[in-house]
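Coordinates from model_29.pdb are shown below (PDB, C-alpha atoms, pLDDT in the B column).
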```pdb
MODEL        1
ATOM      1  CA  MET D   1      33.423 152.099 127.341  1.00 35.00           C
ATOM      2  CA  CYS D   2      32.946 148.329 127.535  1.00 39.00           C
ATOM      3  CA  LEU D   3      30.138 147.014 129.667  1.00 40.00           C
ATOM      4  CA  ALA D   4      29.265 143.416 130.430  1.00 42.00           C
ATOM      5  CA  ASP D   5      25.737 142.157 129.900  1.00 44.00           C
ATOM      6  CA  VAL D   6      23.467 142.686 132.879  1.00 45.00           C
ATOM      7  CA  THR D   7      20.194 140.839 133.464  1.00 46.00           C
ATOM      8  CA  SER D   8      16.998 142.614 134.485  1.00 44.00           C
ATOM      9  CA  ASP D   9      17.660 141.637 138.106  1.00 42.00           C
ATOM     10  CA  GLY D  10      21.131 143.198 137.995  1.00 39.00           C
ATOM     11  CA  GLN D  11      23.256 140.055 137.712  1.00 48.00           C
ATOM     12  CA  ASN D  12      26.419 140.385 135.678  1.00 51.00           C
ATOM     13  CA  LEU D  13      26.573 137.752 132.941  1.00 56.00           C
ATOM     14  CA  GLY D  14      30.070 138.574 131.744  1.00 62.00           C
ATOM     15  CA  ASN D  15      31.528 137.577 128.401  1.00 71.00           C
ATOM     16  CA  GLU D  16      30.098 134.250 127.214  1.00 76.00           C
ATOM     17  CA  ASN D  17      32.453 133.733 124.253  1.00 81.00           C
ATOM     18  CA  TYR D  18      34.392 130.687 125.417  1.00 91.00           C
ATOM     19  CA  ASN D  19      37.140 130.160 122.846  1.00 94.00           C
ATOM     20  CA  TRP D  20      38.953 127.134 124.236  1.00 96.00           C
ATOM     21  CA  GLU D  21      41.499 126.948 121.395  1.00 96.00           C
ATOM     22  CA  GLU D  22      42.545 130.517 122.188  1.00 95.00           C
ATOM     23  CA  PHE D  23      42.740 129.516 125.864  1.00 96.00           C
ATOM     24  CA  GLU D  24      45.110 126.669 124.947  1.00 97.00           C
ATOM     25  CA  ASN D  25      47.187 128.797 122.574  1.00 96.00           C
ATOM     26  CA  ASN D  26      47.673 131.408 125.300  1.00 96.00           C
ATOM     27  CA  ALA D  27      49.066 128.851 127.792  1.00 98.00           C
ATOM     28  CA  GLU D  28      52.702 128.953 128.836  1.00 98.00           C
ATOM     29  CA  TYR D  29      54.795 126.085 130.112  1.00 98.00           C
ATOM     30  CA  ARG D  30      57.450 126.155 132.815  1.00 98.00           C
ATOM     31  CA  ASN D  31      60.171 124.090 134.463  1.00 97.00           C
ATOM     32  CA  GLY D  32      60.490 121.420 131.807  1.00 96.00           C
ATOM     33  CA  TYR D  33      57.034 121.329 130.250  1.00 98.00           C
ATOM     34  CA  THR D  34      56.682 122.322 126.598  1.00 98.00           C
ATOM     35  CA  ALA D  35      53.721 122.292 124.233  1.00 98.00           C
ATOM     36  CA  THR D  36      55.022 118.996 122.813  1.00 98.00           C
ATOM     37  CA  ASP D  37      55.494 117.214 126.152  1.00 98.00           C
ATOM     38  CA  PRO D  38      53.408 113.998 126.253  1.00 98.00           C
ATOM     39  CA  THR D  39      51.693 115.063 129.500  1.00 98.00           C
ATOM     40  CA  ILE D  40      50.730 118.436 128.018  1.00 99.00           C
ATOM     41  CA  ILE D  41      49.403 116.797 124.852  1.00 98.00           C
ATOM     42  CA  MET D  42      47.303 114.417 126.993  1.00 98.00           C
ATOM     43  CA  PHE D  43      46.145 117.311 129.171  1.00 99.00           C
ATOM     44  CA  TRP D  44      44.772 119.308 126.227  1.00 99.00           C
ATOM     45  CA  GLU D  45      43.169 116.197 124.694  1.00 99.00           C
ATOM     46  CA  VAL D  46      41.400 115.533 127.999  1.00 99.00           C
ATOM     47  CA  PHE D  47      40.507 119.198 128.440  1.00 98.00           C
ATOM     48  CA  HIS D  48      38.901 119.512 124.994  1.00 98.00           C
ATOM     49  CA  GLU D  49      36.879 116.329 125.641  1.00 98.00           C
ATOM     50  CA  LEU D  50      35.339 117.820 128.812  1.00 98.00           C
ATOM     51  CA  SER D  51      31.780 119.115 128.833  1.00 97.00           C
ATOM     52  CA  LEU D  52      31.273 122.891 128.816  1.00 96.00           C
ATOM     53  CA  GLU D  53      30.266 122.679 132.478  1.00 95.00           C
ATOM     54  CA  ASP D  54      33.504 120.890 133.408  1.00 97.00           C
ATOM     55  CA  LYS D  55      35.605 123.315 131.346  1.00 96.00           C
ATOM     56  CA  LYS D  56      34.021 126.186 133.273  1.00 95.00           C
ATOM     57  CA  LYS D  57      34.740 124.329 136.540  1.00 96.00           C
ATOM     58  CA  PHE D  58      38.368 124.031 135.465  1.00 97.00           C
ATOM     59  CA  LEU D  59      38.464 127.752 134.710  1.00 95.00           C
ATOM     60  CA  LEU D  60      37.052 128.422 138.187  1.00 94.00           C
ATOM     61  CA  TYR D  61      39.533 125.986 139.750  1.00 96.00           C
ATOM     62  CA  LEU D  62      42.533 127.567 138.040  1.00 96.00           C
ATOM     63  CA  THR D  63      41.648 131.260 138.041  1.00 93.00           C
ATOM     64  CA  GLY D  64      39.081 131.661 140.817  1.00 92.00           C
ATOM     65  CA  SER D  65      36.368 132.666 138.332  1.00 90.00           C
ATOM     66  CA  ASP D  66      34.338 130.897 135.668  1.00 88.00           C
ATOM     67  CA  ARG D  67      33.752 134.239 133.922  1.00 89.00           C
ATOM     68  CA  ILE D  68      35.668 135.458 130.911  1.00 89.00           C
ATOM     69  CA  PRO D  69      37.188 138.952 130.974  1.00 90.00           C
ATOM     70  CA  ILE D  70      35.450 141.441 128.691  1.00 90.00           C
ATOM     71  CA  GLN D  71      38.534 141.237 126.396  1.00 90.00           C
ATOM     72  CA  GLY D  72      37.871 137.535 125.886  1.00 90.00           C
ATOM     73  CA  MET D  73      39.927 134.410 126.438  1.00 91.00           C
ATOM     74  CA  LYS D  74      43.069 136.096 125.103  1.00 90.00           C
ATOM     75  CA  ALA D  75      43.187 138.030 128.381  1.00 93.00           C
ATOM     76  CA  ILE D  76      43.581 134.801 130.375  1.00 94.00           C
ATOM     77  CA  LYS D  77      47.193 133.660 130.566  1.00 96.00           C
ATOM     78  CA  ILE D  78      47.667 130.303 132.281  1.00 97.00           C
ATOM     79  CA  TYR D  79      50.847 128.517 133.278  1.00 99.00           C
ATOM     80  CA  LEU D  80      51.453 124.786 133.634  1.00 99.00           C
ATOM     81  CA  GLN D  81      54.426 123.252 135.397  1.00 98.00           C
ATOM     82  CA  PRO D  82      55.295 119.648 136.238  1.00 98.00           C
ATOM     83  CA  THR D  83      55.325 117.886 139.549  1.00 95.00           C
ATOM     84  CA  HIS D  84      56.731 114.411 139.785  1.00 87.00           C
ATOM     85  CA  ASP D  85      54.462 112.502 142.144  1.00 94.00           C
ATOM     86  CA  ASP D  86      51.506 111.266 140.103  1.00 95.00           C
ATOM     87  CA  ARG D  87      49.689 110.056 143.224  1.00 96.00           C
ATOM     88  CA  PHE D  88      48.518 113.621 143.761  1.00 96.00           C
ATOM     89  CA  LEU D  89      45.852 115.742 142.101  1.00 97.00           C
ATOM     90  CA  PRO D  90      46.738 118.759 139.994  1.00 97.00           C
ATOM     91  CA  VAL D  91      47.142 121.817 142.231  1.00 96.00           C
ATOM     92  CA  ALA D  92      45.936 125.273 141.186  1.00 96.00           C
ATOM     93  CA  HIS D  93      47.518 128.496 142.401  1.00 96.00           C
ATOM     94  CA  THR D  94      44.670 130.865 141.549  1.00 93.00           C
ATOM     95  CA  CYS D  95      46.552 134.096 142.246  1.00 94.00           C
ATOM     96  CA  PHE D  96      48.995 133.186 139.476  1.00 96.00           C
ATOM     97  CA  ASN D  97      46.780 131.105 137.119  1.00 97.00           C
ATOM     98  CA  LEU D  98      49.356 128.376 137.680  1.00 98.00           C
ATOM     99  CA  LEU D  99      48.637 124.649 137.530  1.00 98.00           C
ATOM    100  CA  ASP D 100      51.016 122.112 139.044  1.00 98.00           C
ATOM    101  CA  LEU D 101      50.321 119.150 136.777  1.00 99.00           C
ATOM    102  CA  PRO D 102      51.910 115.809 137.690  1.00 98.00           C
ATOM    103  CA  ARG D 103      53.414 113.737 134.899  1.00 98.00           C
ATOM    104  CA  TYR D 104      50.625 111.171 134.716  1.00 97.00           C
ATOM    105  CA  GLY D 105      51.527 108.040 132.772  1.00 95.00           C
ATOM    106  CA  THR D 106      48.173 107.612 131.032  1.00 98.00           C
ATOM    107  CA  LYS D 107      45.434 109.781 129.640  1.00 98.00           C
ATOM    108  CA  GLU D 108      42.881 107.906 131.754  1.00 98.00           C
ATOM    109  CA  LYS D 109      44.742 108.677 134.977  1.00 98.00           C
ATOM    110  CA  LEU D 110      45.121 112.328 133.975  1.00 98.00           C
ATOM    111  CA  ARG D 111      41.380 112.580 133.237  1.00 98.00           C
ATOM    112  CA  TYR D 112      40.454 110.915 136.543  1.00 98.00           C
ATOM    113  CA  LYS D 113      42.751 113.130 138.633  1.00 98.00           C
ATOM    114  CA  LEU D 114      41.750 116.324 136.810  1.00 98.00           C
ATOM    115  CA  LEU D 115      38.040 115.619 137.251  1.00 98.00           C
ATOM    116  CA  GLN D 116      38.592 114.823 140.926  1.00 97.00           C
ATOM    117  CA  ALA D 117      40.354 118.141 141.380  1.00 96.00           C
ATOM    118  CA  ILE D 118      37.762 120.308 139.639  1.00 96.00           C
ATOM    119  CA  GLN D 119      34.657 118.539 140.931  1.00 91.00           C
ATOM    120  CA  GLN D 120      35.645 118.417 144.586  1.00 83.00           C
ATOM    121  CA  THR D 121      36.653 122.031 144.859  1.00 68.00           C
ATOM    122  CA  HIS D 122      34.523 125.012 145.722  1.00 62.00           C
ATOM    123  CA  GLY D 123      35.651 128.376 144.479  1.00 53.00           C
ATOM    124  CA  PHE D 124      35.602 131.506 146.530  1.00 53.00           C
ATOM    125  CA  SER D 125      33.350 134.474 145.972  1.00 48.00           C
ATOM    126  CA  LEU D 126      32.310 137.746 147.500  1.00 45.00           C
ATOM    127  CA  VAL D 127      29.053 137.805 149.403  1.00 43.00           C
TER
ENDMDL
END
```
For the structure just supplied, provide its representation as structure tokens.
Amino acid sequence: MCLADVTSDGQNLGNENYNWEEFENNAEYRNGYTATDPTIIMFWEVFHELSLEDKKKFLLYLTGSDRIPIQGMKAIKIYLQPTHDDRFLPVAHTCFNLLDLPRYGTKEKLRYKLLQAIQQTHGFSLV
């Protein structure tokens, strides 16, 4: 039986082993994106440059939770697909772990839009 860590006040800590390379390797690409697409390469460069706090915000934005499943990052499958209007922010579909990622022309624009998306969003939770 696998149990997550629990603090003395009963809070569930979850798995804290954030393996971001495994997270990237487990990603799938749809509708024209591939691992070698320039936008995808820029996305992962920007992602790996983020602070741990911002990476966890991205995880929350995309999946609805900043916690890792007990099985680790390999249990998180994410999907990225292109949209063509780079005036918009990336859009997360949390039920499907799907990110609509516009084809931004520069790494700086991608970083700016991604940070806007993850920092101005509040996740949902059970009360």
Which neighbours of Glu45 in chain D fall inside 10 Å, counting all atoms listed in the file, when residues of the same chain fewer than 6 positions from it are skipped, and could you give them as a PDB file with C-alpha atoms, keeping the file's coordinate frame?
```pdb
ATOM      1  CA  THR D  39      51.693 115.063 129.500  1.00 98.00           C
ATOM      2  CA  LYS D 107      45.434 109.781 129.640  1.00 98.00           C
ATOM      3  CA  ARG D 111      41.380 112.580 133.237  1.00 98.00           C
TER       4      ARG D 111
END
```
To box range 41-45 of chain D, take all atoms listed in the file, fit an axis-aligned box, add 6 Å on each side, and give centre and edge lengths in Å to one decimal, as AutoDock Vina command-line options.
```
--center_x 46.3 --center_y 116.9 --center_z 126.9 --size_x 18.2 --size_y 16.9 --size_z 16.5
```
Handout entry: Contacts of Gln81 in chain D within 10 Å, only C-alpha atoms, excl. fewer than 3 positions in-chain, as an MDAnalysis selection string
Key = chainID D and resid 28:34 40 98:103
Problem - Selection under test: the PyMOL selection byres ((chain D and resi 83-97) around 12); residues as JSON, numbers by chain - result: {"D": [26, 27, 28, 29, 30, 31, 32, 33, 39, 43, 58, 59, 60, 61, 62, 63, 64, 65, 66, 75, 76, 77, 78, 79, 80, 81, 82, 98, 99, 100, 101, 102, 103, 104, 105, 106, 109, 110, 111, 112, 113, 114, 115, 116, 117, 118, 119, 120, 121, 123, 124]}
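Using only C-alpha atoms, the nearest neighbour of Lys56 in chain D within the list D:Glu108, D:Pro38, D:Tyr18, D:Gln71 is D:Tyr18.
Separating CA of Glu16 in chain D from CA of Trp44 in chain D is a distance of 21.0 Å.
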For range 69-92 of chain D, which lacks atoms in the input, supply N, CA and C atoms and format the output as a short mmCIF file (atom, residue, chain, number, x, y, z; two decimals), in the frame of the given file.
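And here's part_1.cif as it stands now:
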```
data_model
loop_
_atom_site.label_atom_id
_atom_site.label_comp_id
_atom_site.auth_asym_id
_atom_site.auth_seq_id
_atom_site.Cartn_x
_atom_site.Cartn_y
_atom_site.Cartn_z
N PRO D 69 37.03 137.50 131.00
CA PRO D 69 37.19 138.95 130.97
C PRO D 69 36.51 139.54 129.74
N ILE D 70 36.14 140.79 129.81
CA ILE D 70 35.45 141.44 128.69
C ILE D 70 36.30 141.38 127.41
N GLN D 71 37.64 141.32 127.56
CA GLN D 71 38.53 141.24 126.40
C GLN D 71 38.54 139.85 125.77
N GLY D 72 37.93 138.89 126.42
CA GLY D 72 37.87 137.54 125.89
C GLY D 72 38.94 136.63 126.47
N MET D 73 39.01 135.43 125.94
CA MET D 73 39.93 134.41 126.44
C MET D 73 41.39 134.82 126.27
N LYS D 74 41.68 135.68 125.30
CA LYS D 74 43.07 136.10 125.10
C LYS D 74 43.63 136.82 126.32
N ALA D 75 42.75 137.32 127.17
CA ALA D 75 43.19 138.03 128.38
C ALA D 75 43.53 137.08 129.52
N ILE D 76 43.27 135.79 129.33
CA ILE D 76 43.58 134.80 130.38
C ILE D 76 44.87 134.07 130.01
N LYS D 77 45.91 134.34 130.76
CA LYS D 77 47.19 133.66 130.57
C LYS D 77 47.32 132.62 131.67
N ILE D 78 47.50 131.36 131.28
CA ILE D 78 47.67 130.30 132.28
C ILE D 78 49.06 129.70 132.14
N TYR D 79 49.52 129.11 133.23
CA TYR D 79 50.85 128.52 133.28
C TYR D 79 50.72 127.10 133.81
N LEU D 80 51.43 126.18 133.18
CA LEU D 80 51.45 124.79 133.63
C LEU D 80 52.89 124.38 133.91
N GLN D 81 53.09 123.74 135.06
CA GLN D 81 54.43 123.25 135.40
C GLN D 81 54.31 121.85 135.97
N PRO D 82 55.36 121.04 135.79
CA PRO D 82 55.30 119.65 136.24
C PRO D 82 55.53 119.49 137.74
N THR D 83 54.94 118.44 138.26
CA THR D 83 55.32 117.89 139.55
C THR D 83 55.55 116.40 139.28
N HIS D 84 56.28 115.75 140.14
CA HIS D 84 56.73 114.41 139.78
C HIS D 84 56.00 113.28 140.49
N ASP D 85 55.17 113.57 141.44
CA ASP D 85 54.46 112.50 142.14
C ASP D 85 53.04 112.39 141.60
N ASP D 86 52.81 111.39 140.76
CA ASP D 86 51.51 111.27 140.10
C ASP D 86 50.43 110.66 141.00
N ARG D 87 50.73 110.49 142.29
CA ARG D 87 49.69 110.06 143.22
C ARG D 87 48.78 111.22 143.60
N PHE D 88 49.24 112.44 143.33
CA PHE D 88 48.52 113.62 143.76
C PHE D 88 47.68 114.21 142.64
N LEU D 89 46.69 115.01 143.05
CA LEU D 89 45.85 115.74 142.10
C LEU D 89 46.62 116.95 141.57
N PRO D 90 46.19 117.48 140.43
CA PRO D 90 46.74 118.76 139.99
C PRO D 90 46.42 119.82 141.05
N VAL D 91 47.32 120.76 141.24
CA VAL D 91 47.14 121.82 142.23
C VAL D 91 47.12 123.16 141.52
N ALA D 92 46.07 123.95 141.78
CA ALA D 92 45.94 125.27 141.19
C ALA D 92 46.39 126.34 142.17
#
```
